[in-house]
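Input: a single structure, listed below in structure tokens.
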Amino acid sequence: MTSSAPLFLVKDGAQSWPEIAPMRARIYPPEKLVHTPMHGIEWSAAQRRVLLYVDDKVVAVAGIHERKISCDGAILRVAGIGGVMTDPDHQGQGYGKQVMLHVMQLLRTEAKCAFALLFCEDHNVGFYSKLGWSLFEGDMVVEQHGKTGPFVFRNVMVLPLAEQATRTADIDLCGLPW
Ligand SMILES: CC(C)(COP(=O)(O)OP(=O)(O)OC[C@H]1O[C@@H](n2cnc3c(N)ncnc32)[C@H](O)[C@@H]1OP(=O)(O)O)[C@@H](O)C(=O)NCCC(=O)NCCS
């Protein structure tokens with residue numbers, strides 16, 4: 001059977017959560033998550049999501065966050081990308097790349113944010129590097145459980161949008177990571 005052309009929809013974060021929760025539970029089963037460094041991390045909820053549908057089924061998704069952060073003492077609006085996932089039955093078919101390219105184009109068109117930031121595990125650095133993201137090597141603090149402190153769990157990657165993306169600044173994310 002031939003698949004239909006991919007359809008991209010931008011939806012509200014809270015409203016789209018029930019649609020993607022089953023995919024997240026398959027990728028990060030709660031009983032396995034409890035034994036990983038991700039256990040206990042408090043994440044910010046996505047404000048919007050780009051969902052990629054094939055044959056009326058969500059096959060990939062990426063969450064969008066916008067936040068005013070402190071960057072070397074200056075207040076900047078940045079975009080955060082989080083919750084990037086491709087359904088396990090559809091991985092390796094270009095859908096993760098397509099949903100990321102759609103998000104990146106959306107953020108460039110809106111031109112509201114200086115640059116974009118995401119967090120990822122070591123094994124995904126290559127995926128984002130291929131899409132033009134660079135590793136951030138500065139210092140970052142985030143909020144966790146009501147306190148502000150370093151967030152050392154993951155790699156931080158940045159992408160220029162309206163402005164160059166700093167790779168070496170002191171950043172306070174002014175809230176939870178995404
Ligand atoms: C990471 C993930 C979103 C990639 O999605 P995908 O649909 O399988 O990836 P694609 O098929 O679109 O791959 C696009 C390109 O990236 C490459 N790629 C995919 N995963 C990669 C990885 N982990 N490391 C390096 N390159 C990778 C592919 O080979 C492909 O290269 P090409 O363009 O040269 O052909 C998917 O594996 C996933 O959902 N993983 C579990 C959840 C997760 O880790 N999400 C990321 C949170 S930060």
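Chain identifiers are assigned as A, B, and so on, following the order in which chains appear in the structure tokens; residues are numbered from 1 within each chain, and ligands are numbered from 1 in order of appearance.
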Please list as a ChimeraX atom specification every residue within 9 Å of range 130-144 of chain A, counting only C-alpha atoms and excluding residues in the same chain fewer than 3 positions away.
/A:41-43,97,100-101,117,125-127,147-152,155-160,165-177
DSSP on the backbone: which residues in range 49-153 of chain A end up as strand (DSSP E)? Give the answer as a count of residues only.
52
Distance query Gln98 in chain A at most 10 Å, only C-alpha atoms, self and fewer than 3 positions along chain excluded, as a ChimeraX atom specification:
/A:6,8,52,60-61,93-95,101-104
Taking only C-alpha atoms into account, which of A:Leu106, A:Leu118, A:Val78, A:Ile64 comes nearest Ala46 in chain A?
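Once distances to Ala46 in chain A are computed over only C-alpha atoms, the minimum belongs to A:Ile64.
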Distance query Met85 in chain A at most 12 Å, only C-alpha atoms, self and fewer than 2 positions along chain excluded, as a ChimeraX atom specification
/A:20-28,49-52,58-63,81-83,87-92,94-100,120,124,127
Contacts of Val54 in chain A at 6 Å or less, counting only C-alpha atoms, minus same-chain residues fewer than 2 places along, as a list of chain:residue names?
A:Ser4, A:Pro6, A:Asp56, A:Lys57
Those same residues, written as an mmCIF file, in the first residue's frame with N, CA and C atoms?
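Dumped to selection.cif:
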```cif
data_model
loop_
_atom_site.group_PDB
_atom_site.id
_atom_site.type_symbol
_atom_site.label_atom_id
_atom_site.label_comp_id
_atom_site.auth_asym_id
_atom_site.auth_seq_id
_atom_site.Cartn_x
_atom_site.Cartn_y
_atom_site.Cartn_z
ATOM 1 N N SER A 4 0.274 7.974 2.260
ATOM 2 C CA SER A 4 -0.093 9.335 1.846
ATOM 3 C C SER A 4 1.085 10.273 2.115
ATOM 4 N N PRO A 6 3.265 13.155 3.752
ATOM 5 C CA PRO A 6 3.283 13.607 5.148
ATOM 6 C C PRO A 6 2.520 14.919 5.315
ATOM 7 N N ASP A 56 -2.896 9.448 8.425
ATOM 8 C CA ASP A 56 -3.688 9.852 9.603
ATOM 9 C C ASP A 56 -3.102 9.389 10.934
ATOM 10 N N LYS A 57 -1.857 8.929 10.920
ATOM 11 C CA LYS A 57 -1.239 8.482 12.179
ATOM 12 C C LYS A 57 -0.062 9.412 12.494
#
```
Could you check the closest approach to ligand 1 for each of A:Met38, A:Leu161, A:Cys71, A:Ala79 and tell me which residue wins, using only C-alpha atoms and all ligand atoms?
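With only C-alpha atoms and all ligand atoms as the atom set, the closest residue is A:Met38.
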Residue nearest ligand 1 - candidates A:Val84, A:Ala162, A:Leu7, A:Ala114, atoms counted: only C-alpha atoms and all ligand atoms:
A:Val84
